[in-house]
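Pasted below: run.pdb, PDB, C-alpha atoms.
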ATOM      1  CA  MET A   5     135.415  52.282 134.716
ATOM      2  CA  ASN A   6     132.971  54.665 136.349
ATOM      3  CA  LEU A   7     129.624  54.381 134.484
ATOM      4  CA  VAL A   8     128.173  57.381 136.310
ATOM      5  CA  ALA A   9     130.975  59.597 134.972
ATOM      6  CA  LEU A  10     130.409  58.354 131.384
ATOM      7  CA  LYS A  11     126.665  59.040 131.382
ATOM      8  CA  PRO A  12     126.922  62.815 130.590
ATOM      9  CA  ARG A  13     129.367  62.093 127.743
ATOM     10  CA  VAL A  14     127.077  59.425 126.256
ATOM     11  CA  ILE A  15     124.109  61.799 126.432
ATOM     12  CA  ALA A  16     126.103  64.622 124.775
ATOM     13  CA  LEU A  17     127.357  62.301 122.020
ATOM     14  CA  SER A  18     123.852  60.926 121.400
ATOM     15  CA  THR A  19     122.409  64.446 121.196
ATOM     16  CA  SER A  20     125.114  65.537 118.740
ATOM     17  CA  LEU A  21     124.517  62.525 116.490
ATOM     18  CA  LEU A  22     120.750  63.054 116.551
ATOM     19  CA  MET A  23     121.121  66.742 115.634
ATOM     20  CA  ALA A  24     123.493  65.916 112.782
ATOM     21  CA  ALA A  25     121.116  63.275 111.419
ATOM     22  CA  CYS A  26     118.169  65.662 111.530
ATOM     23  CA  THR A  27     119.935  68.564 109.824
ATOM     24  CA  THR A  28     121.664  66.531 107.102
ATOM     25  CA  GLY A  29     118.412  65.533 105.392
ATOM     26  CA  ALA A  30     116.796  68.933 105.780
ATOM     27  CA  ARG A  31     119.327  70.955 103.800
ATOM     28  CA  ALA A  32     118.002  74.375 102.771
ATOM     29  CA  LEU A  33     117.252  74.883  99.096
ATOM     30  CA  GLU A  34     119.593  77.166  97.211
ATOM     31  CA  SER A  35     117.991  80.340  95.929
ATOM     32  CA  GLN A  36     119.019  83.698  94.547
ATOM     33  CA  VAL A  37     117.528  87.049  93.626
ATOM     34  CA  LEU A  38     119.368  88.788  90.800
ATOM     35  CA  PRO A  39     119.089  92.393  89.589
ATOM     36  CA  ALA A  40     116.048  92.797  87.331
ATOM     37  CA  GLN A  41     115.795  94.728  84.072
ATOM     38  CA  ALA A  42     112.744  95.938  82.183
ATOM     39  CA  ALA A  43     111.992  94.202  78.878
ATOM     40  CA  CYS A  44     108.955  93.224  76.824
ATOM     41  CA  PHE A  45     107.592  90.512  74.591
ATOM     42  CA  VAL A  46     106.354  91.892  71.275
ATOM     43  CA  GLY A  47     103.564  90.123  69.418
ATOM     44  CA  GLU A  48     101.718  91.118  66.259
ATOM     45  CA  GLU A  49      99.258  93.383  68.033
ATOM     46  CA  GLN A  50     100.671  93.982  71.494
ATOM     47  CA  SER A  51     103.700  94.454  73.678
ATOM     48  CA  VAL A  52     103.781  92.872  77.140
ATOM     49  CA  SER A  53     106.128  94.528  79.631
ATOM     50  CA  VAL A  54     108.071  92.268  81.993
ATOM     51  CA  SER A  55     110.764  92.506  84.640
ATOM     52  CA  LEU A  56     113.522  89.930  84.135
ATOM     53  CA  GLU A  57     116.307  88.895  86.461
ATOM     54  CA  TRP A  58     119.366  88.179  84.314
ATOM     55  CA  ALA A  59     121.302  84.959  84.969
ATOM     56  CA  GLU A  60     124.541  85.402  83.041
ATOM     57  CA  THR A  61     127.125  83.259  84.818
ATOM     58  CA  ALA A  62     127.160  79.466  84.884
ATOM     59  CA  GLU A  63     126.482  79.512  88.645
ATOM     60  CA  GLN A  64     123.552  81.943  88.295
ATOM     61  CA  ARG A  65     122.078  79.791  85.512
ATOM     62  CA  ARG A  66     122.570  76.618  87.586
ATOM     63  CA  ILE A  67     120.573  78.002  90.525
ATOM     64  CA  GLY A  68     117.967  79.796  88.401
ATOM     65  CA  LEU A  69     114.617  80.018  90.192
ATOM     66  CA  MET A  70     115.330  77.175  92.647
ATOM     67  CA  GLY A  71     113.775  77.601  96.065
ATOM     68  CA  ARG A  72     111.352  80.362  95.044
ATOM     69  CA  GLU A  73     107.875  80.037  96.519
ATOM     70  CA  LYS A  74     106.321  82.604  94.184
ATOM     71  CA  LEU A  75     107.036  84.813  91.214
ATOM     72  CA  GLU A  76     105.200  88.065  90.494
ATOM     73  CA  GLU A  77     102.881  87.971  87.447
ATOM     74  CA  ARG A  78     105.119  89.773  84.955
ATOM     75  CA  SER A  79     108.422  88.804  86.511
ATOM     76  CA  GLY A  80     110.779  86.075  85.398
ATOM     77  CA  MET A  81     114.358  85.082  84.782
ATOM     78  CA  LEU A  82     116.363  85.421  81.581
ATOM     79  CA  PHE A  83     119.148  82.846  81.120
ATOM     80  CA  ASP A  84     121.676  84.520  78.843
ATOM     81  CA  TYR A  85     124.232  82.158  77.286
ATOM     82  CA  GLY A  86     125.939  84.703  75.034
ATOM     83  CA  SER A  87     126.358  82.085  72.307
ATOM     84  CA  LEU A  88     124.245  79.670  70.301
ATOM     85  CA  GLN A  89     123.105  76.612  72.283
ATOM     86  CA  PRO A  90     122.177  73.324  70.600
ATOM     87  CA  ALA A  91     118.537  72.238  70.347
ATOM     88  CA  GLU A  92     119.283  69.274  72.647
ATOM     89  CA  ASN A  93     120.150  71.525  75.602
ATOM     90  CA  SER A  94     117.446  71.348  78.220
ATOM     91  CA  PHE A  95     116.244  72.682  81.555
ATOM     92  CA  TRP A  96     114.931  70.786  84.547
ATOM     93  CA  MET A  97     112.919  71.674  87.634
ATOM     94  CA  ARG A  98     114.968  70.118  90.428
ATOM     95  CA  ASN A  99     114.446  72.086  93.666
ATOM     96  CA  THR A 100     112.041  74.441  91.866
ATOM     97  CA  LEU A 101     108.828  74.892  93.818
ATOM     98  CA  ILE A 102     106.538  76.601  91.274
ATOM     99  CA  ALA A 103     105.306  75.570  87.819
ATOM    100  CA  LEU A 104     106.925  77.611  85.052
ATOM    101  CA  ASP A 105     106.727  78.304  81.333
ATOM    102  CA  ILE A 106     110.013  78.534  79.468
ATOM    103  CA  ALA A 107     110.513  80.300  76.146
ATOM    104  CA  TYR A 108     113.676  79.656  74.158
ATOM    105  CA  VAL A 109     114.847  82.660  72.110
ATOM    106  CA  ASN A 110     117.188  82.628  69.097
ATOM    107  CA  ALA A 111     119.911  85.137  68.171
ATOM    108  CA  GLN A 112     117.362  87.347  66.384
ATOM    109  CA  GLY A 113     115.265  87.629  69.562
ATOM    110  CA  SER A 114     112.441  85.416  68.279
ATOM    111  CA  ILE A 115     110.739  82.783  70.420
ATOM    112  CA  VAL A 116     111.548  79.384  68.869
ATOM    113  CA  ALA A 117     109.991  77.095  71.509
ATOM    114  CA  ILE A 118     107.740  77.300  74.571
ATOM    115  CA  ASN A 119     107.413  74.541  77.181
ATOM    116  CA  ARG A 120     105.490  74.191  80.428
ATOM    117  CA  MET A 121     107.588  72.790  83.273
ATOM    118  CA  GLU A 122     106.247  71.225  86.468
ATOM    119  CA  PRO A 123     108.146  71.154  89.787
ATOM    120  CA  CYS A 124     110.108  67.977  90.459
ATOM    121  CA  GLU A 125     109.459  66.648  93.952
ATOM    122  CA  SER A 126     112.037  63.865  93.752
ATOM    123  CA  VAL A 127     115.161  64.144  95.879
ATOM    124  CA  ALA A 128     116.992  62.086  93.244
ATOM    125  CA  ALA A 129     118.085  64.343  90.380
ATOM    126  CA  PHE A 130     117.860  61.538  87.797
ATOM    127  CA  ASN A 131     114.096  61.271  88.453
ATOM    128  CA  CYS A 132     113.452  64.850  87.307
ATOM    129  CA  PRO A 133     112.289  65.283  83.706
ATOM    130  CA  THR A 134     114.163  67.584  81.340
ATOM    131  CA  TYR A 135     112.668  70.089  78.924
ATOM    132  CA  PRO A 136     114.765  70.391  75.743
ATOM    133  CA  ALA A 137     114.450  73.445  73.520
ATOM    134  CA  GLY A 138     114.041  71.520  70.274
ATOM    135  CA  ALA A 139     115.623  74.478  68.448
ATOM    136  CA  GLU A 140     118.901  76.358  68.737
ATOM    137  CA  PHE A 141     118.749  79.270  71.185
ATOM    138  CA  VAL A 142     120.886  81.917  72.897
ATOM    139  CA  GLN A 143     118.523  82.852  75.727
ATOM    140  CA  ALA A 144     115.780  81.169  77.724
ATOM    141  CA  ILE A 145     113.135  82.976  79.753
ATOM    142  CA  GLU A 146     111.246  81.399  82.655
ATOM    143  CA  MET A 147     107.896  82.933  83.638
ATOM    144  CA  ASN A 148     104.945  81.722  85.724
ATOM    145  CA  ALA A 149     103.122  78.750  84.185
ATOM    146  CA  GLY A 150     100.489  79.942  81.727
ATOM    147  CA  PHE A 151     102.127  83.342  81.121
ATOM    148  CA  PHE A 152     102.645  82.936  77.375
ATOM    149  CA  SER A 153      99.137  81.643  76.665
ATOM    150  CA  ARG A 154      97.556  84.233  78.991
ATOM    151  CA  TYR A 155      99.156  87.038  76.970
ATOM    152  CA  GLN A 156      98.726  85.236  73.625
ATOM    153  CA  LEU A 157     102.453  85.091  72.968
ATOM    154  CA  THR A 158     103.519  82.411  70.500
ATOM    155  CA  LEU A 159     106.408  81.177  68.375
ATOM    156  CA  GLY A 160     107.881  83.975  66.274
ATOM    157  CA  ASP A 161     107.012  86.698  68.793
ATOM    158  CA  ARG A 162     110.052  88.600  69.984
ATOM    159  CA  LEU A 163     111.814  89.433  73.217
ATOM    160  CA  GLN A 164     112.869  93.079  73.313
ATOM    161  CA  THR A 165     115.427  93.895  76.015
ATOM    162  CA  ALA A 166     115.628  97.617  75.186
ATOM    163  CA  PRO A 167     112.582  99.036  77.037
ATOM    164  CA  ALA A 168     112.538 102.150  74.830
ATOM    165  CA  LEU A 169     111.566  99.891  71.912
ATOM    166  CA  CYS A 170     108.543  98.466  73.728
ATOM    167  CA  ALA A 171     105.371 100.066  72.349
ATOM    168  CA  ASN A 172     101.623  99.423  72.595
ATOM    169  CA  GLU A 173     102.007  97.996  76.090
ATOM    170  CA  SER A 174      99.333  95.817  77.612
TER     171      SER A 174
END
Rendering of file as structure tokens:
Amino acid sequence: MNLVALKPRVIALSTSLLMAACTTGARALESQVLPAQAACFVGEEQSVSVSLEWAETAEQRRIGLMGREKLEERSGMLFDYGSLQPAENSFWMRNTLIALDIAYVNAQGSIVAINRMEPCESVAAFNCPTYPAGAEFVQAIEMNAGFFSRYQLTLGDRLQTAPALCANES
């Protein structure tokens, strides 16, 4: 066996294995940008306009805001389930890079729960906390962390997805 002739093959094989090992662990995060629609949150004394990307399919809802490095102040994502979801259903922050608030909205459009969610840095999914609604809901809206308190939006305030019905904007 000619060792000199094998040397280039060994080097090529070693390089290929090293490249595969390096790229396997550094898999890119999934992300998506969906079409946005104007909407508003309506409180007792104000209406806060927002731009919401609508996640309507199971795959869109699964990816959500994963991989995003920032979210504009009045922008977010609406997760539309189209049917009543049990109070035990929850969200998690796996592969999500920014802290978020989540508001769960019932069939009447009223906010029934608000949670703050922190990014999960674990590579193991089972180490990421979940954030259950605690009330039945049909939609969930993720916004930047602190959004709901900053605009004094609370339980019972409403999500209005028909922009023409948004009045007294702030």
Near-A:Phe130 list (12 Å; all atoms listed in the file; drop same-chain fewer than 5 positions) as number ranges by chain: A: 96-98, 124-125
Best match for closeness to A:Glu76 among A:Asn148, A:Gln164, A:Ser94, A:Gln64, counting only C-alpha atoms: A:Asn148
Nearest-residue call for A:Thr100, choices A:Leu169, A:Leu75, A:Leu163, A:Leu56, using only C-alpha atoms: A:Leu75
Shell around A:Ala40 at 8 Å using only C-alpha atoms, local window under 4 positions removed, as a ChimeraX atom specification: /A:55-58
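Using all atoms listed in the file, the protein and nucleic acid residues lying no more than 7 Å from A:Phe95, apart from those fewer than 4 places from it along its own chain, are Thr134, Tyr135 and Pro136 of chain A.
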Those same residues, written as a PDB file, in the frame of the given file with C-alpha atoms?
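Now in part26.pdb:
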ATOM      1  CA  THR A 134     114.163  67.584  81.340  1.00  0.00           C
ATOM      2  CA  TYR A 135     112.668  70.089  78.924  1.00  0.00           C
ATOM      3  CA  PRO A 136     114.765  70.391  75.743  1.00  0.00           C
TER       4      PRO A 136
END
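Using only C-alpha atoms, the smallest distance between any of A:Ile145, A:Cys44, A:Met121, A:Val37 and A:Leu82 comes from A:Ile145.
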Expected selection from the PyMOL selection byres ((chain A and resi 103) around 8), given as a PyMOL selection string: chain A and resi 100-102+104-105+120-123+148-149
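Counting from atom CA of A:Leu159, the distance to atom CA of A:Ala139 is 11.4 Å.
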7 Å contact set for A:Asn93, only C-alpha atoms, chain neighbours under 2 positions out, as a ChimeraX atom specification: /A:89-91,136-137
As a check of understanding, name the residues that the PyMOL selection byres ((chain A and resi 54) around 8) selects in the supplied structure, as a PDB file with C-alpha atoms, in the frame of the given file.
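Written out: selection-v6.pdb:
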ATOM      1  CA  ALA A  42     112.744  95.938  82.183  1.00  0.00           C
ATOM      2  CA  ALA A  43     111.992  94.202  78.878  1.00  0.00           C
ATOM      3  CA  CYS A  44     108.955  93.224  76.824  1.00  0.00           C
ATOM      4  CA  PHE A  45     107.592  90.512  74.591  1.00  0.00           C
ATOM      5  CA  VAL A  52     103.781  92.872  77.140  1.00  0.00           C
ATOM      6  CA  SER A  53     106.128  94.528  79.631  1.00  0.00           C
ATOM      7  CA  SER A  55     110.764  92.506  84.640  1.00  0.00           C
ATOM      8  CA  LEU A  56     113.522  89.930  84.135  1.00  0.00           C
ATOM      9  CA  ARG A  78     105.119  89.773  84.955  1.00  0.00           C
ATOM     10  CA  SER A  79     108.422  88.804  86.511  1.00  0.00           C
ATOM     11  CA  GLY A  80     110.779  86.075  85.398  1.00  0.00           C
TER      12      GLY A  80
END
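The interatomic distance for the pair atom CA of A:Arg154 and atom CA of A:Gly138 works out to 22.6 Å.
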Coordinate excerpt as an mmCIF file, in the first residue's frame: stretch 138-173 of chain A, N, CA, C and O atoms:
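The resulting selection-v3.cif:
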data_model
loop_
_atom_site.group_PDB
_atom_site.id
_atom_site.type_symbol
_atom_site.label_atom_id
_atom_site.label_comp_id
_atom_site.auth_asym_id
_atom_site.auth_seq_id
_atom_site.Cartn_x
_atom_site.Cartn_y
_atom_site.Cartn_z
ATOM 1 N N GLY A 138 -54.222 29.856 31.318
ATOM 2 C CA GLY A 138 -54.992 29.924 32.559
ATOM 3 C C GLY A 138 -56.456 30.253 32.323
ATOM 4 O O GLY A 138 -57.242 30.327 33.258
ATOM 5 N N ALA A 139 -56.833 30.467 31.071
ATOM 6 C CA ALA A 139 -58.222 30.733 30.686
ATOM 7 C C ALA A 139 -58.384 30.286 29.233
ATOM 8 O O ALA A 139 -57.413 30.278 28.475
ATOM 9 N N GLU A 140 -59.594 29.911 28.859
ATOM 10 C CA GLU A 140 -59.828 29.518 27.476
ATOM 11 C C GLU A 140 -59.594 30.707 26.557
ATOM 12 O O GLU A 140 -59.890 31.849 26.917
ATOM 13 N N PHE A 141 -59.065 30.435 25.348
ATOM 14 C CA PHE A 141 -58.762 31.516 24.415
ATOM 15 C C PHE A 141 -58.895 31.032 22.981
ATOM 16 O O PHE A 141 -58.899 29.832 22.722
ATOM 17 N N VAL A 142 -59.013 31.969 22.041
ATOM 18 C CA VAL A 142 -59.033 31.638 20.619
ATOM 19 C C VAL A 142 -57.860 32.279 19.887
ATOM 20 O O VAL A 142 -57.501 31.850 18.787
ATOM 21 N N GLN A 143 -57.279 33.303 20.477
ATOM 22 C CA GLN A 143 -56.123 33.975 19.888
ATOM 23 C C GLN A 143 -55.124 34.303 20.989
ATOM 24 O O GLN A 143 -55.501 34.475 22.151
ATOM 25 N N ALA A 144 -53.860 34.414 20.589
ATOM 26 C CA ALA A 144 -52.815 34.878 21.498
ATOM 27 C C ALA A 144 -51.989 35.902 20.727
ATOM 28 O O ALA A 144 -51.759 35.737 19.525
ATOM 29 N N ILE A 145 -51.577 36.953 21.412
ATOM 30 C CA ILE A 145 -50.819 38.019 20.769
ATOM 31 C C ILE A 145 -49.513 38.217 21.513
ATOM 32 O O ILE A 145 -49.516 38.460 22.720
ATOM 33 N N GLU A 146 -48.394 38.083 20.788
ATOM 34 C CA GLU A 146 -47.075 38.336 21.368
ATOM 35 C C GLU A 146 -46.603 39.722 20.950
ATOM 36 O O GLU A 146 -46.644 40.076 19.766
ATOM 37 N N MET A 147 -46.168 40.488 21.951
ATOM 38 C CA MET A 147 -45.627 41.843 21.749
ATOM 39 C C MET A 147 -44.327 41.927 22.539
ATOM 40 O O MET A 147 -44.029 41.057 23.352
ATOM 41 N N ASN A 148 -43.559 43.007 22.330
ATOM 42 C CA ASN A 148 -42.347 43.213 23.124
ATOM 43 C C ASN A 148 -42.668 43.172 24.607
ATOM 44 O O ASN A 148 -43.744 43.617 25.037
ATOM 45 N N ALA A 149 -41.739 42.681 25.406
ATOM 46 C CA ALA A 149 -41.916 42.638 26.866
ATOM 47 C C ALA A 149 -42.191 44.039 27.375
ATOM 48 O O ALA A 149 -41.536 44.999 26.981
ATOM 49 N N GLY A 150 -43.189 44.163 28.237
ATOM 50 C CA GLY A 150 -43.547 45.444 28.832
ATOM 51 C C GLY A 150 -44.585 46.225 28.047
ATOM 52 O O GLY A 150 -45.069 47.256 28.516
ATOM 53 N N PHE A 151 -44.962 45.752 26.864
ATOM 54 C CA PHE A 151 -45.913 46.481 26.016
ATOM 55 C C PHE A 151 -47.231 46.754 26.739
ATOM 56 O O PHE A 151 -47.720 47.883 26.751
ATOM 57 N N PHE A 152 -47.824 45.731 27.323
ATOM 58 C CA PHE A 152 -49.159 45.892 27.909
ATOM 59 C C PHE A 152 -49.143 46.831 29.112
ATOM 60 O O PHE A 152 -50.039 47.666 29.258
ATOM 61 N N SER A 153 -48.124 46.745 29.945
ATOM 62 C CA SER A 153 -48.053 47.676 31.083
ATOM 63 C C SER A 153 -47.711 49.085 30.610
ATOM 64 O O SER A 153 -48.244 50.062 31.141
ATOM 65 N N ARG A 154 -46.847 49.219 29.621
ATOM 66 C CA ARG A 154 -46.468 50.533 29.097
ATOM 67 C C ARG A 154 -47.687 51.297 28.579
ATOM 68 O O ARG A 154 -47.795 52.508 28.729
ATOM 69 N N TYR A 155 -48.616 50.598 27.967
ATOM 70 C CA TYR A 155 -49.814 51.229 27.414
ATOM 71 C C TYR A 155 -51.040 51.042 28.314
ATOM 72 O O TYR A 155 -52.158 51.318 27.892
ATOM 73 N N GLN A 156 -50.804 50.588 29.532
ATOM 74 C CA GLN A 156 -51.860 50.419 30.540
ATOM 75 C C GLN A 156 -53.027 49.579 30.028
ATOM 76 O O GLN A 156 -54.193 49.887 30.247
ATOM 77 N N LEU A 157 -52.675 48.489 29.359
ATOM 78 C CA LEU A 157 -53.679 47.544 28.877
ATOM 79 C C LEU A 157 -53.762 46.392 29.870
ATOM 80 O O LEU A 157 -52.740 45.864 30.300
ATOM 81 N N THR A 158 -54.974 46.013 30.237
ATOM 82 C CA THR A 158 -55.171 45.015 31.283
ATOM 83 C C THR A 158 -56.248 44.007 30.878
ATOM 84 O O THR A 158 -56.846 44.115 29.804
ATOM 85 N N LEU A 159 -56.509 43.071 31.776
ATOM 86 C CA LEU A 159 -57.549 42.073 31.550
ATOM 87 C C LEU A 159 -58.880 42.781 31.302
ATOM 88 O O LEU A 159 -59.192 43.770 31.953
ATOM 89 N N GLY A 160 -59.628 42.271 30.337
ATOM 90 C CA GLY A 160 -60.916 42.861 29.984
ATOM 91 C C GLY A 160 -60.819 43.852 28.830
ATOM 92 O O GLY A 160 -61.821 44.116 28.159
ATOM 93 N N ASP A 161 -59.628 44.423 28.588
ATOM 94 C CA ASP A 161 -59.467 45.270 27.412
ATOM 95 C C ASP A 161 -59.609 44.387 26.185
ATOM 96 O O ASP A 161 -59.491 43.160 26.260
ATOM 97 N N ARG A 162 -59.868 45.012 25.041
ATOM 98 C CA ARG A 162 -60.224 44.231 23.860
ATOM 99 C C ARG A 162 -59.229 44.396 22.720
ATOM 100 O O ARG A 162 -58.624 45.445 22.563
ATOM 101 N N LEU A 163 -59.109 43.348 21.926
ATOM 102 C CA LEU A 163 -58.379 43.404 20.671
ATOM 103 C C LEU A 163 -59.397 43.667 19.574
ATOM 104 O O LEU A 163 -60.395 42.951 19.463
ATOM 105 N N GLN A 164 -59.151 44.697 18.784
ATOM 106 C CA GLN A 164 -60.029 45.028 17.662
ATOM 107 C C GLN A 164 -59.233 44.821 16.373
ATOM 108 O O GLN A 164 -58.209 45.482 16.177
ATOM 109 N N THR A 165 -59.672 43.888 15.534
ATOM 110 C CA THR A 165 -58.915 43.604 14.310
ATOM 111 C C THR A 165 -59.495 44.312 13.095
ATOM 112 O O THR A 165 -58.966 44.161 11.997
ATOM 113 N N ALA A 166 -60.540 45.091 13.283
ATOM 114 C CA ALA A 166 -61.088 45.934 12.205
ATOM 115 C C ALA A 166 -60.601 47.361 12.470
ATOM 116 O O ALA A 166 -61.144 48.049 13.330
ATOM 117 N N PRO A 167 -59.558 47.808 11.762
ATOM 118 C CA PRO A 167 -58.959 49.121 12.046
ATOM 119 C C PRO A 167 -59.957 50.275 12.026
ATOM 120 O O PRO A 167 -59.774 51.252 12.756
ATOM 121 N N ALA A 168 -61.012 50.180 11.237
ATOM 122 C CA ALA A 168 -62.001 51.257 11.182
ATOM 123 C C ALA A 168 -62.685 51.467 12.531
ATOM 124 O O ALA A 168 -63.217 52.550 12.803
ATOM 125 N N LEU A 169 -62.676 50.442 13.376
ATOM 126 C CA LEU A 169 -63.320 50.542 14.690
ATOM 127 C C LEU A 169 -62.371 51.011 15.789
ATOM 128 O O LEU A 169 -62.754 51.084 16.948
ATOM 129 N N CYS A 170 -61.141 51.344 15.421
ATOM 130 C CA CYS A 170 -60.166 51.828 16.382
ATOM 131 C C CYS A 170 -60.290 53.347 16.465
ATOM 132 O O CYS A 170 -60.072 54.050 15.482
ATOM 133 N N ALA A 171 -60.646 53.841 17.650
ATOM 134 C CA ALA A 171 -60.833 55.289 17.833
ATOM 135 C C ALA A 171 -59.984 55.765 19.000
ATOM 136 O O ALA A 171 -59.486 54.960 19.790
ATOM 137 N N ASN A 172 -59.826 57.060 19.133
ATOM 138 C CA ASN A 172 -59.065 57.666 20.229
ATOM 139 C C ASN A 172 -57.670 57.079 20.324
ATOM 140 O O ASN A 172 -57.213 56.695 21.386
ATOM 141 N N GLU A 173 -56.984 56.997 19.191
ATOM 142 C CA GLU A 173 -55.667 56.369 19.148
ATOM 143 C C GLU A 173 -54.640 57.100 19.978
ATOM 144 O O GLU A 173 -54.637 58.323 20.039
#
